[in-house]
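Listing of upload-v5.cif, mmCIF, C-alpha atoms and all ligand atoms
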```
data_query
#
loop_
_atom_site.label_atom_id
_atom_site.label_comp_id
_atom_site.auth_asym_id
_atom_site.auth_seq_id
_atom_site.Cartn_x
_atom_site.Cartn_y
_atom_site.Cartn_z
CA MET A 23 8.54 17.28 -9.12
CA THR A 24 5.77 19.77 -9.62
CA GLN A 25 4.05 18.56 -12.79
CA PRO A 26 1.84 15.52 -13.34
CA LEU A 27 4.09 12.46 -13.60
CA LEU A 28 2.56 11.45 -16.90
CA GLN A 29 3.82 14.66 -18.52
CA HIS A 30 7.47 13.83 -17.86
CA THR A 31 9.74 12.17 -20.39
CA SER A 32 10.75 8.58 -19.70
CA GLU A 33 14.32 9.79 -19.34
CA ARG A 34 13.33 12.21 -16.58
CA LEU A 35 11.20 9.56 -14.85
CA ARG A 36 14.13 7.12 -14.84
CA GLU A 37 16.36 9.75 -13.24
CA ARG A 38 13.72 10.49 -10.68
CA ALA A 39 13.29 6.78 -9.88
CA CYS A 40 17.04 6.52 -9.23
CA GLU A 41 16.86 9.50 -6.81
CA LEU A 42 13.90 8.00 -4.97
CA GLU A 43 15.52 4.57 -4.73
CA ALA A 44 18.66 6.10 -3.27
CA ARG A 45 16.58 7.93 -0.66
CA LEU A 46 14.69 4.79 0.21
CA ASP A 47 17.95 2.84 0.57
CA GLN A 48 19.16 5.46 3.05
CA LEU A 49 15.94 5.24 5.02
CA GLN A 50 16.02 1.45 4.98
CA ALA A 51 19.53 1.54 6.42
CA GLN A 52 18.16 3.43 9.45
CA GLY A 53 16.24 0.30 10.47
CA LEU A 54 12.99 2.22 11.08
CA LYS A 55 10.00 0.49 12.65
CA LEU A 56 6.95 2.65 11.99
CA ASP A 57 3.36 1.45 12.12
CA LEU A 58 0.34 3.02 10.45
CA THR A 59 -1.84 -0.09 10.59
CA ARG A 60 -4.52 -0.18 13.23
CA GLY A 61 -6.82 2.54 14.42
CA LYS A 62 -5.70 2.53 18.02
CA PRO A 63 -5.67 5.47 20.42
CA ALA A 64 -2.17 6.61 21.46
CA SER A 65 -1.17 6.45 25.09
CA ASP A 66 -1.68 10.20 25.62
CA GLN A 67 -5.29 9.68 24.53
CA LEU A 68 -5.72 6.73 26.88
CA ALA A 69 -4.32 8.86 29.68
CA LEU A 70 -7.26 11.27 29.28
CA SER A 71 -9.36 8.63 31.02
CA ASN A 72 -7.01 7.58 33.79
CA GLU A 73 -9.42 9.08 36.26
CA LEU A 74 -11.61 6.00 35.69
CA ASP A 75 -9.25 4.23 38.01
CA GLY A 76 -10.53 4.92 41.49
CA ILE A 77 -13.49 7.08 40.44
CA LEU A 78 -15.92 4.88 42.37
CA GLY A 79 -14.13 5.52 45.66
CA ALA A 80 -15.69 2.36 47.13
CA ASP A 81 -19.21 3.61 46.30
CA TYR A 82 -20.66 0.77 44.24
CA ARG A 83 -24.34 1.68 44.73
CA LEU A 84 -26.40 2.25 41.61
CA ALA A 85 -29.15 4.86 41.56
CA ASP A 86 -31.68 2.04 42.02
CA GLY A 87 -29.89 0.98 45.23
CA SER A 88 -28.40 -2.26 43.89
CA ASP A 89 -24.73 -3.22 44.21
CA ALA A 90 -22.62 -3.05 41.05
CA ARG A 91 -20.23 -5.67 42.40
CA ASN A 92 -22.80 -8.41 42.34
CA TYR A 93 -24.26 -10.61 39.61
CA GLY A 94 -27.20 -9.52 37.50
CA SER A 95 -28.47 -6.83 35.10
CA LEU A 96 -27.97 -8.93 31.98
CA LEU A 97 -28.86 -5.98 29.75
CA GLY A 98 -26.51 -3.64 31.58
CA ILE A 99 -26.99 -1.21 34.48
CA PRO A 100 -29.50 1.63 33.90
CA GLU A 101 -26.74 4.27 34.11
CA ALA A 102 -24.79 2.59 31.30
CA ARG A 103 -27.89 1.96 29.18
CA ALA A 104 -28.61 5.69 29.44
CA LEU A 105 -25.07 6.46 28.25
CA GLY A 106 -25.58 4.08 25.31
CA GLY A 107 -28.87 5.80 24.58
CA GLU A 108 -27.07 9.15 24.47
CA LEU A 109 -24.46 7.81 22.01
CA LEU A 110 -27.00 6.08 19.78
CA ASP A 111 -29.92 8.49 20.17
CA ALA A 112 -32.15 5.65 21.35
CA PRO A 113 -34.38 5.18 24.42
CA PRO A 114 -32.41 3.45 27.23
CA GLU A 115 -34.96 0.61 27.46
CA CYS A 116 -34.02 -0.34 23.88
CA VAL A 117 -30.28 -0.39 24.71
CA ILE A 118 -28.05 -3.23 25.86
CA ALA A 119 -24.82 -2.23 27.60
CA GLY A 120 -22.36 -5.09 27.35
CA GLY A 121 -18.68 -5.81 27.76
CA ASN A 122 -15.76 -3.99 26.24
CA SER A 123 -16.28 -4.82 22.56
CA SER A 124 -19.01 -3.78 20.15
CA LEU A 125 -17.56 -6.27 17.66
CA SER A 126 -18.49 -9.11 19.99
CA LEU A 127 -22.05 -7.71 20.15
CA MET A 128 -22.13 -7.61 16.33
CA HIS A 129 -21.01 -11.23 16.26
CA LEU A 130 -23.70 -12.13 18.80
CA VAL A 131 -26.41 -10.43 16.74
CA LEU A 132 -25.49 -12.12 13.47
CA ASP A 133 -24.90 -15.50 15.08
CA THR A 134 -28.32 -15.32 16.76
CA ALA A 135 -30.04 -14.15 13.57
CA LEU A 136 -28.49 -17.06 11.69
CA ARG A 137 -29.02 -19.89 14.11
CA THR A 138 -32.17 -19.14 16.11
CA GLY A 139 -33.61 -16.00 14.54
CA LEU A 140 -34.24 -12.55 16.00
CA TRP A 141 -37.90 -12.34 15.07
CA GLY A 142 -39.52 -15.44 16.56
CA ALA A 143 -40.12 -18.98 15.36
CA GLY A 144 -39.14 -19.66 11.77
CA SER A 145 -37.10 -16.46 11.42
CA ALA A 146 -33.61 -18.03 11.56
CA TRP A 147 -31.67 -17.13 8.44
CA CYS A 148 -30.24 -20.65 8.24
CA GLU A 149 -33.78 -21.93 7.62
CA ALA A 150 -34.27 -19.48 4.74
CA ALA A 151 -30.91 -20.49 3.29
CA ALA A 152 -31.74 -24.20 3.55
CA ALA A 153 -35.17 -23.69 1.94
CA ALA A 154 -33.66 -21.74 -0.96
CA GLY A 155 -30.61 -24.00 -1.27
CA GLY A 156 -28.28 -21.02 -1.06
CA ARG A 157 -26.16 -19.00 1.32
CA ILE A 158 -27.06 -15.96 3.38
CA LYS A 159 -25.51 -12.81 1.91
CA PHE A 160 -24.62 -9.38 3.23
CA LEU A 161 -24.00 -6.12 1.41
CA CYS A 162 -20.61 -4.60 2.18
CA PRO A 163 -19.97 -1.01 1.10
CA VAL A 164 -16.33 -0.85 -0.06
CA PRO A 165 -13.82 0.19 0.97
CA GLY A 166 -15.03 -0.90 4.39
CA TYR A 167 -13.99 -2.26 7.79
CA ASP A 168 -12.06 -5.52 7.59
CA ARG A 169 -13.34 -6.87 10.90
CA HIS A 170 -16.94 -6.68 9.67
CA PHE A 171 -15.85 -8.90 6.81
CA THR A 172 -14.12 -11.25 9.24
CA ILE A 173 -17.39 -11.71 11.17
CA CYS A 174 -19.22 -12.59 7.94
CA ASP A 175 -16.43 -14.98 6.96
CA ALA A 176 -16.49 -16.67 10.35
CA LEU A 177 -20.26 -17.22 10.12
CA GLY A 178 -20.25 -18.37 6.50
CA ILE A 179 -22.09 -15.29 5.22
CA GLU A 180 -21.32 -14.44 1.61
CA MET A 181 -20.33 -10.83 1.01
CA ILE A 182 -21.43 -8.65 -1.89
CA ALA A 183 -19.41 -5.48 -2.38
CA VAL A 184 -21.28 -2.28 -3.21
CA PRO A 185 -19.58 1.06 -3.91
CA MET A 186 -19.12 3.61 -1.14
CA ASN A 187 -19.61 7.20 -2.26
CA ASP A 188 -18.86 10.49 -0.49
CA ALA A 189 -22.40 10.55 0.95
CA GLY A 190 -22.53 6.88 1.98
CA PRO A 191 -23.21 3.62 0.14
CA ASP A 192 -24.42 3.78 -3.45
CA MET A 193 -28.10 3.34 -2.54
CA ASP A 194 -29.22 2.65 -6.12
CA ALA A 195 -26.89 -0.36 -6.16
CA VAL A 196 -27.99 -1.37 -2.64
CA GLU A 197 -31.72 -1.21 -3.47
CA HIS A 198 -31.14 -3.01 -6.76
CA HIS A 199 -29.47 -5.92 -4.95
CA VAL A 200 -31.96 -6.29 -2.07
CA SER A 201 -35.01 -6.15 -4.32
CA ARG A 202 -33.67 -9.03 -6.42
CA ASP A 203 -32.25 -11.49 -3.91
CA PRO A 204 -34.18 -12.40 -0.73
CA LEU A 205 -31.12 -14.21 0.64
CA ILE A 206 -29.44 -10.82 1.07
CA LYS A 207 -30.24 -10.40 4.75
CA GLY A 208 -28.33 -7.30 5.71
CA ILE A 209 -25.93 -4.46 5.15
CA TRP A 210 -22.94 -3.12 7.09
CA CYS A 211 -23.01 0.62 7.74
CA VAL A 212 -20.46 2.85 9.49
CA PRO A 213 -22.54 6.00 9.15
CA LYS A 214 -20.28 8.63 10.70
CA TYR A 215 -16.62 8.94 9.71
CA SER A 216 -16.82 5.62 7.95
CA ASN A 217 -13.89 3.26 8.26
CA PRO A 218 -11.81 3.91 6.17
CA THR A 219 -13.13 6.74 3.96
CA GLY A 220 -14.28 9.04 6.77
CA CYS A 221 -17.50 9.92 4.93
CA VAL A 222 -20.64 10.86 6.84
CA TYR A 223 -23.87 9.43 5.44
CA SER A 224 -26.10 12.16 4.01
CA ASP A 225 -29.64 12.75 5.27
CA ALA A 226 -31.00 11.22 2.07
CA VAL A 227 -28.88 8.07 2.35
CA THR A 228 -29.82 7.66 6.02
CA ALA A 229 -33.51 7.97 5.14
CA ARG A 230 -33.16 5.36 2.39
CA ILE A 231 -31.36 2.99 4.76
CA ALA A 232 -34.28 3.28 7.22
CA THR A 233 -36.77 2.11 4.59
CA LEU A 234 -34.47 -0.52 3.06
CA PRO A 235 -35.90 -3.42 5.12
CA ARG A 236 -39.30 -2.74 3.47
CA GLN A 237 -37.81 -3.31 0.03
CA ALA A 238 -35.78 -6.35 1.03
CA GLY A 239 -36.85 -9.92 1.67
CA PRO A 240 -38.11 -10.94 5.15
CA ASN A 241 -35.91 -10.54 8.23
CA PHE A 242 -33.49 -8.00 6.77
CA LEU A 243 -31.04 -6.34 9.19
CA VAL A 244 -29.23 -3.02 9.01
CA MET A 245 -25.99 -3.29 11.01
CA TRP A 246 -25.51 0.40 11.95
CA ASP A 247 -22.04 0.51 13.50
CA ASN A 248 -21.78 4.06 14.81
CA ALA A 249 -18.29 3.49 16.23
CA TYR A 250 -17.29 7.13 15.60
CA ALA A 251 -20.52 8.83 16.71
CA VAL A 252 -18.75 11.47 18.82
CA HIS A 253 -15.25 11.41 17.30
CA ASP A 254 -15.19 14.82 15.64
CA LEU A 255 -11.93 16.50 14.64
CA VAL A 256 -13.42 19.87 13.71
CA ILE A 257 -16.03 22.19 15.15
CA PRO A 258 -18.71 22.59 13.91
CA ALA A 259 -18.79 18.89 13.15
CA PRO A 260 -20.83 17.36 10.34
CA ARG A 261 -24.17 16.16 11.60
CA LEU A 262 -25.40 12.61 11.07
CA ARG A 263 -29.18 12.38 10.81
CA SER A 264 -30.52 10.30 13.67
CA LEU A 265 -31.61 6.88 12.42
CA THR A 266 -34.03 5.93 15.19
CA PRO A 267 -36.89 8.38 14.38
CA LEU A 268 -36.63 7.36 10.72
CA LEU A 269 -36.84 3.67 11.68
CA ALA A 270 -39.84 4.43 13.89
CA ASP A 271 -41.59 6.26 11.02
CA ALA A 272 -40.80 3.48 8.56
CA GLY A 273 -41.86 0.73 11.00
CA THR A 274 -38.43 -0.88 10.67
CA MET A 275 -37.11 -0.51 14.23
CA GLU A 276 -36.91 -4.33 14.53
CA ASN A 277 -34.81 -4.51 11.37
CA ALA A 278 -31.85 -2.44 12.51
CA VAL A 279 -29.32 -2.81 15.28
CA LEU A 280 -27.24 0.24 16.22
CA PHE A 281 -23.82 -0.18 17.82
CA ALA A 282 -21.34 2.03 19.65
CA SER A 283 -18.66 1.68 22.29
CA THR A 284 -16.34 3.72 24.44
CA SER A 285 -13.29 1.97 22.95
CA LYS A 286 -12.06 5.24 21.45
CA ILE A 287 -13.54 7.44 24.15
CA THR A 288 -11.90 5.91 27.25
CA PHE A 289 -9.80 2.71 27.23
CA ALA A 290 -9.78 0.79 23.93
CA GLY A 291 -9.40 -2.54 25.69
CA ALA A 292 -11.47 -1.83 28.79
CA GLY A 293 -14.49 0.17 27.72
CA VAL A 294 -18.22 -0.50 27.43
CA ALA A 295 -20.05 -1.52 24.24
CA PHE A 296 -23.68 -0.81 23.39
CA LEU A 297 -26.38 -1.86 20.99
CA ALA A 298 -29.90 -0.58 20.42
CA SER A 299 -32.83 -2.10 18.56
CA GLY A 300 -36.55 -2.76 18.77
CA GLY A 301 -38.02 -4.49 21.84
CA GLY A 302 -38.46 -7.85 20.09
CA VAL A 303 -34.82 -8.01 19.02
CA ILE A 304 -33.65 -6.95 22.48
CA THR A 305 -35.68 -9.80 24.01
CA ALA A 306 -34.25 -12.32 21.53
CA LEU A 307 -30.72 -11.16 22.33
CA GLU A 308 -31.40 -11.24 26.07
CA HIS A 309 -32.43 -14.87 25.66
CA ALA A 310 -29.28 -15.68 23.66
CA MET A 311 -27.07 -13.90 26.20
CA SER A 312 -28.66 -15.68 29.14
CA ALA A 313 -26.98 -18.88 27.95
CA MET A 314 -23.60 -17.15 27.98
CA THR A 315 -23.39 -15.03 31.12
CA ILE A 316 -25.17 -13.95 34.30
CA GLY A 317 -24.33 -10.35 33.57
CA PRO A 318 -21.72 -7.89 32.26
CA ASP A 319 -18.90 -6.09 34.13
CA LYS A 320 -21.18 -3.69 35.98
CA VAL A 321 -18.36 -2.10 37.95
CA ASN A 322 -16.76 -0.94 34.71
CA GLN A 323 -20.13 0.23 33.43
CA LEU A 324 -20.65 2.30 36.58
CA ARG A 325 -17.13 3.77 36.34
CA HIS A 326 -17.89 4.85 32.78
CA ALA A 327 -21.28 6.32 33.61
CA ARG A 328 -19.80 8.38 36.48
CA PHE A 329 -16.74 9.44 34.47
CA LEU A 330 -18.53 10.53 31.29
CA ASP A 331 -21.62 12.02 32.92
CA GLY A 332 -22.03 15.58 31.57
CA ARG A 333 -18.58 15.75 30.03
CA LEU A 334 -18.63 13.61 26.88
CA GLU A 335 -18.28 16.51 24.47
CA ALA A 336 -15.47 18.22 26.35
CA HIS A 337 -13.67 14.91 26.71
CA MET A 338 -13.89 14.23 22.96
CA GLN A 339 -12.49 17.67 22.23
CA ARG A 340 -9.43 16.75 24.25
CA HIS A 341 -9.01 13.66 22.07
CA ALA A 342 -9.39 15.82 18.96
CA ALA A 343 -6.68 18.20 20.16
CA LEU A 344 -4.26 15.26 20.37
CA ILE A 345 -5.26 13.58 17.10
CA ARG A 346 -5.76 16.57 14.80
CA PRO A 347 -2.06 17.44 14.37
CA LYS A 348 -1.41 13.86 13.22
CA PHE A 349 -4.15 13.98 10.59
CA ASP A 350 -2.92 17.41 9.49
CA ALA A 351 0.65 16.10 9.19
CA VAL A 352 -0.44 13.25 6.90
CA LEU A 353 -2.71 15.44 4.80
CA GLU A 354 -0.12 18.22 4.39
CA ARG A 355 2.49 15.71 3.25
CA LEU A 356 0.17 13.96 0.81
CA GLU A 357 -0.84 17.35 -0.59
CA ALA A 358 2.72 18.63 -0.96
CA SER A 359 4.29 15.45 -2.36
CA LEU A 360 1.55 13.77 -4.36
CA ALA A 361 -1.08 16.32 -5.40
CA PRO A 362 1.05 17.96 -8.15
CA LEU A 363 1.94 14.54 -9.57
CA GLN A 364 -1.71 13.46 -10.00
CA ILE A 365 -1.00 9.86 -9.06
CA ALA A 366 -3.23 9.41 -6.01
CA ASP A 367 -6.30 10.75 -4.29
CA TRP A 368 -7.28 10.59 -0.67
CA THR A 369 -10.01 11.55 1.76
CA ARG A 370 -9.90 14.54 4.13
CA PRO A 371 -12.01 13.31 7.04
CA LYS A 372 -13.53 15.62 9.61
CA GLY A 373 -13.40 12.93 12.28
CA GLY A 374 -12.88 9.25 12.97
CA TYR A 375 -9.61 7.37 12.79
CA PHE A 376 -8.65 6.91 9.14
CA ILE A 377 -7.59 8.43 5.86
CA SER A 378 -8.35 6.37 2.76
CA LEU A 379 -5.90 6.72 -0.11
CA ASN A 380 -6.22 5.45 -3.67
CA THR A 381 -3.09 4.91 -5.77
CA LEU A 382 -3.02 4.40 -9.52
CA PRO A 383 -4.82 1.10 -10.20
CA GLY A 384 -2.68 -2.02 -9.80
CA ILE A 385 0.07 -0.80 -7.46
CA ALA A 386 -1.32 -0.62 -3.91
CA LYS A 387 0.08 -4.04 -2.93
CA CYS A 388 3.53 -3.14 -4.29
CA VAL A 389 3.45 0.22 -2.44
CA VAL A 390 2.62 -1.51 0.85
CA ALA A 391 5.37 -4.12 0.29
CA ARG A 392 7.93 -1.44 -0.55
CA ALA A 393 6.98 0.64 2.48
CA ARG A 394 7.32 -2.43 4.69
CA ALA A 395 10.82 -3.07 3.36
CA ALA A 396 11.65 0.54 4.28
CA GLY A 397 10.34 0.08 7.84
CA VAL A 398 6.71 1.31 7.57
CA THR A 399 3.95 -1.21 8.25
CA LEU A 400 0.62 -0.37 6.63
CA THR A 401 -2.68 -2.27 6.71
CA PRO A 402 -2.35 -4.91 3.94
CA ALA A 403 -3.63 -3.58 0.63
CA GLY A 404 -6.97 -5.21 -0.07
CA ALA A 405 -7.93 -5.49 3.62
CA THR A 406 -10.68 -2.94 3.08
CA TYR A 407 -12.45 -5.34 0.68
CA PRO A 408 -14.27 -8.63 1.37
CA GLY A 409 -11.88 -11.56 1.11
CA GLY A 410 -8.97 -9.12 1.20
CA HIS A 411 -9.37 -8.60 -2.54
CA ASP A 412 -9.40 -5.07 -3.92
CA PRO A 413 -10.23 -5.67 -7.60
CA ASN A 414 -8.38 -2.51 -8.64
CA ASP A 415 -5.51 -2.95 -6.17
CA THR A 416 -5.67 0.73 -5.38
CA ASN A 417 -6.87 1.32 -1.78
CA ILE A 418 -4.59 1.91 1.21
CA ARG A 419 -5.92 2.71 4.69
CA ILE A 420 -3.84 5.12 6.76
CA ALA A 421 -4.33 5.12 10.54
CA PRO A 422 -2.37 8.06 12.00
CA THR A 423 -3.52 8.06 15.64
CA PHE A 424 -1.23 5.55 17.36
CA PRO A 425 2.36 6.62 16.50
CA ASN A 426 3.77 9.88 17.83
CA LEU A 427 3.77 12.94 15.56
CA VAL A 428 7.41 12.59 14.50
CA ASP A 429 6.82 8.97 13.48
CA VAL A 430 3.62 9.86 11.64
CA GLU A 431 5.57 12.45 9.64
CA ALA A 432 8.43 10.06 8.87
CA ALA A 433 6.06 7.22 7.92
CA THR A 434 4.05 9.44 5.59
CA ASP A 435 7.23 10.69 3.89
CA ILE A 436 8.22 7.09 3.19
CA LEU A 437 4.73 6.23 2.00
CA THR A 438 4.67 9.11 -0.49
CA LEU A 439 8.12 8.11 -1.75
CA CYS A 440 6.94 4.54 -2.32
CA ILE A 441 3.79 5.69 -4.12
CA GLU A 442 5.79 7.93 -6.43
CA LEU A 443 8.33 5.22 -7.17
CA GLU A 444 5.76 2.53 -7.90
CA SER A 445 3.79 4.96 -10.07
CA ILE A 446 6.90 5.78 -12.11
CA GLU A 447 7.64 2.09 -12.57
CA GLN A 448 4.11 1.47 -13.77
CA ILE A 449 4.22 4.40 -16.21
CA LEU A 450 7.57 3.27 -17.62
CA THR A 451 6.36 -0.33 -17.95
CA ARG A 452 3.24 0.85 -19.79
CA ARG A 453 5.43 2.89 -22.11
CA GLY A 454 7.50 -0.23 -22.75
CA VAL A 455 10.57 1.38 -21.15
CA HIS A 456 12.42 -0.61 -18.47
N1 LIG A 501 -16.39 -0.62 14.42
C1 LIG A 501 -15.60 0.12 13.66
C2 LIG A 501 -16.13 0.77 12.43
C3 LIG A 501 -14.25 0.27 13.99
O1 LIG A 501 -13.45 1.01 13.21
C4 LIG A 501 -13.76 -0.36 15.15
C5 LIG A 501 -12.33 -0.25 15.53
O2 LIG A 501 -11.49 0.14 14.77
C6 LIG A 501 -14.64 -1.12 15.93
C7 LIG A 501 -15.96 -1.23 15.54
C8 LIG A 501 -14.18 -1.83 17.16
O3 LIG A 501 -15.06 -1.56 18.19
P1 LIG A 501 -14.94 -2.24 19.61
O4 LIG A 501 -13.61 -1.89 20.18
O5 LIG A 501 -16.09 -1.67 20.37
O6 LIG A 501 -15.10 -3.74 19.42
#
```
Write out the structure in this file as structure tokens.
Amino acid sequence: MTQPLLQHTSERLRERACELEARLDQLQAQGLKLDLTRGKPASDQLALSNELDGILGADYRLADGSDARNYGSLLGIPEARALGGELLDAPPECVIAGGNSSLSLMHLVLDTALRTGLWGAGSAWCEAAAAAGGRIKFLCPVPGYDRHFTICDALGIEMIAVPMNDAGPDMDAVEHHVSRDPLIKGIWCVPKYSNPTGCVYSDAVTARIATLPRQAGPNFLVMWDNAYAVHDLVIPAPRLRSLTPLLADAGTMENAVLFASTSKITFAGAGVAFLASGGGVITALEHAMSAMTIGPDKVNQLRHARFLDGRLEAHMQRHAALIRPKFDAVLERLEASLAPLQIADWTRPKGGYFISLNTLPGIAKCVVARARAAGVTLTPAGATYPGGHDPNDTNIRIAPTFPNLVDVEAATDILTLCIELESIEQILTRRGVH
């Protein structure tokens, strides 16, 4: 079909639905098992870092002469803190290099802010909530990252959805909320190649985020999850304005924590995670961590520092060369099959791990269910919204990196079929034709 679906007669749409159903039945009979759910690196990407294994060659000495195999360095070894500083554009003394997961650092930060406070006596959010007789709240630009929402859920933090635009969160809505409710204590941000839309925050949005804590109630926290800081698919890559100088100018360094990790640089399950913040917050977190551990996996930190030293950019270009054809395959198929029909729109990210697609309102769940029946697993519709509830039932997150190219192509073909079929059914139902 080459015209907008809405312009077709009901008769023609019924015929087309029969054709599509027959094709789907054929595909279903093949017993496919395709997976476009999680943003995981494929094994050829993981193999780019196999050199990590053995890179130390029994030399465990750090530049300061200490032994990486032993206990200690709660905040991470200097070499790894420098790497974190490079990723986050922050001074190494303001960086913590931790274990393999930035999500666990995010959980640590919010848990500490809630229970004991990050800014000294009386700063715990739970005290503010008790005094006001309410719950702590967080702003969540949507569509957003489901695991951020899971952390809030797990800690009993109420989530308030705010719209995500092409240049970042809708800052008018954000500022409106924070200026009216002092129990709103923070905001989630994925500033570069946002999960799932792929947008890069504009300079203006980044500047407004840096001053946000001044407009909010006390002890506000920007959770700046720069998970895709170096994950460019095109050169020249879009530039994200550095947050740290803006925080320094605004005097809000203690009200933001920046995160990154090597999960999608080296080994997703065996990398190094980082955070950066002001000195006071780092001290509060050091205290919280001292009750949990004597120190991180310093051997892995040293392996990463040696492996990535001076080659981060070249290494990320090798990732891009493997991922780009998969993104192109999805985008070409969406363009060819859906664009003429005018029944969906989608993002065209220049980096990161996701494409965000919006169907006609009210059918995303049915599309995902139909695709699953045909052998394609997608992230559950709604997962990109707090509580798993997309009020318009329209958003689907596509993660093309993990399957091989042939599977990505096959899965996208099935997805487009399902979108067209569900759209036709909705149009016919609205017309009162069954
Ligand atoms: N943050 C974002 C925005 C992500 O998309 C992901 C993974 O998909 C993560 C964090 C996970 O990071 P880590 O592996 O360091 O816990």
Near-range 359-376 of chain A list (8 Å; all atoms listed in the file; drop same-chain fewer than 2 positions) as a ChimeraX atom specification:
/A:23-28,61,214-221,250,253-256,259-260,353,355-357,378-382,419-423,438,442,445
Those selected residues, please, written with C-alpha atoms and delivered as a PDB file, keeping the file's coordinate frame.
```pdb
ATOM      1  CA  MET A  23       8.540  17.280  -9.120  1.00  0.00           C
ATOM      2  CA  THR A  24       5.770  19.770  -9.620  1.00  0.00           C
ATOM      3  CA  GLN A  25       4.050  18.560 -12.790  1.00  0.00           C
ATOM      4  CA  PRO A  26       1.840  15.520 -13.340  1.00  0.00           C
ATOM      5  CA  LEU A  27       4.090  12.460 -13.600  1.00  0.00           C
ATOM      6  CA  LEU A  28       2.560  11.450 -16.900  1.00  0.00           C
ATOM      7  CA  GLY A  61      -6.820   2.540  14.420  1.00  0.00           C
ATOM      8  CA  LYS A 214     -20.280   8.630  10.700  1.00  0.00           C
ATOM      9  CA  TYR A 215     -16.620   8.940   9.710  1.00  0.00           C
ATOM     10  CA  SER A 216     -16.820   5.620   7.950  1.00  0.00           C
ATOM     11  CA  ASN A 217     -13.890   3.260   8.260  1.00  0.00           C
ATOM     12  CA  PRO A 218     -11.810   3.910   6.170  1.00  0.00           C
ATOM     13  CA  THR A 219     -13.130   6.740   3.960  1.00  0.00           C
ATOM     14  CA  GLY A 220     -14.280   9.040   6.770  1.00  0.00           C
ATOM     15  CA  CYS A 221     -17.500   9.920   4.930  1.00  0.00           C
ATOM     16  CA  TYR A 250     -17.290   7.130  15.600  1.00  0.00           C
ATOM     17  CA  HIS A 253     -15.250  11.410  17.300  1.00  0.00           C
ATOM     18  CA  ASP A 254     -15.190  14.820  15.640  1.00  0.00           C
ATOM     19  CA  LEU A 255     -11.930  16.500  14.640  1.00  0.00           C
ATOM     20  CA  VAL A 256     -13.420  19.870  13.710  1.00  0.00           C
ATOM     21  CA  ALA A 259     -18.790  18.890  13.150  1.00  0.00           C
ATOM     22  CA  PRO A 260     -20.830  17.360  10.340  1.00  0.00           C
ATOM     23  CA  LEU A 353      -2.710  15.440   4.800  1.00  0.00           C
ATOM     24  CA  ARG A 355       2.490  15.710   3.250  1.00  0.00           C
ATOM     25  CA  LEU A 356       0.170  13.960   0.810  1.00  0.00           C
ATOM     26  CA  GLU A 357      -0.840  17.350  -0.590  1.00  0.00           C
ATOM     27  CA  SER A 378      -8.350   6.370   2.760  1.00  0.00           C
ATOM     28  CA  LEU A 379      -5.900   6.720  -0.110  1.00  0.00           C
ATOM     29  CA  ASN A 380      -6.220   5.450  -3.670  1.00  0.00           C
ATOM     30  CA  THR A 381      -3.090   4.910  -5.770  1.00  0.00           C
ATOM     31  CA  LEU A 382      -3.020   4.400  -9.520  1.00  0.00           C
ATOM     32  CA  ARG A 419      -5.920   2.710   4.690  1.00  0.00           C
ATOM     33  CA  ILE A 420      -3.840   5.120   6.760  1.00  0.00           C
ATOM     34  CA  ALA A 421      -4.330   5.120  10.540  1.00  0.00           C
ATOM     35  CA  PRO A 422      -2.370   8.060  12.000  1.00  0.00           C
ATOM     36  CA  THR A 423      -3.520   8.060  15.640  1.00  0.00           C
ATOM     37  CA  THR A 438       4.670   9.110  -0.490  1.00  0.00           C
ATOM     38  CA  GLU A 442       5.790   7.930  -6.430  1.00  0.00           C
ATOM     39  CA  SER A 445       3.790   4.960 -10.070  1.00  0.00           C
TER      40      SER A 445
END
```
Close residues to ligand LIG 501 (chain A) using only C-alpha atoms and all ligand atoms, limit 7 Å, as a VMD selection string
chain A and resid 61 122 to 126 167 212 216 to 217 247 to 249 282 to 285 290 to 291 295
Would you kindly return, as an MDAnalysis selection string, each protein, DNA or RNA residue with an atom no farther than 9 Å from any atom of Val227 in chain A, considering all atoms listed in the file and excluding same-chain residues fewer than 2 positions away?
chainID A and resid 189:193 223:225 229:232
All residues 12 Å or closer to Gly332 in chain A, only C-alpha atoms, same chain fewer than 5 positions away omitted, as a PyMOL selection string:
chain A and resi 105+108+326-327+337-338
Nearest residue to Leu344 in chain A out of A:Ala358, A:Ala69, A:Leu49, A:Val294, using only C-alpha atoms?
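Counting only C-alpha atoms, the residue closest to Leu344 in chain A is A:Ala69.
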Between A:Leu161, A:Ala146, A:Leu268, A:Ile316, single out the one closest to Val244 in chain A, counting all atoms listed in the file.
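The shortest atom-to-atom distance to Val244 in chain A comes from A:Leu161.
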Do you have the CA of Leu58 in chain A-CA of Glu447 in chain A distance handy?
24.2 Å
Nearest to Ala90 in chain A: which of A:Val321, A:Ala313, A:Ile446, A:Ala386 is it, counting all atoms listed in the file?
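Closest candidate: A:Val321.
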Considering only C-alpha atoms, state which residue in the set A:Arg453, A:Val200, A:Asp412, A:Arg394 is at the smallest distance from Leu437 in chain A.
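Once distances to Leu437 in chain A are computed over only C-alpha atoms, the minimum belongs to A:Arg394.
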Can you report as AutoDock Vina command-line options the centre and edge lengths in Å, to one decimal, of an axis-aligned box around the listed atoms of range 114-130 of chain A padded with 6 Å on each side?
```
--center_x -25.4 --center_y -4.3 --center_z 22.0 --size_x 31.2 --size_y 27.6 --size_z 23.5
```
Calculate how many Å separate CA of Pro413 in chain A from CA of Asp168 in chain A, rounding to one decimal.
15.3 Å
Find, counting only C-alpha atoms, the residue in A:Ala104, A:Ile118, A:Met128, A:Leu262 that gets nearest to Arg169 in chain A.
A:Met128
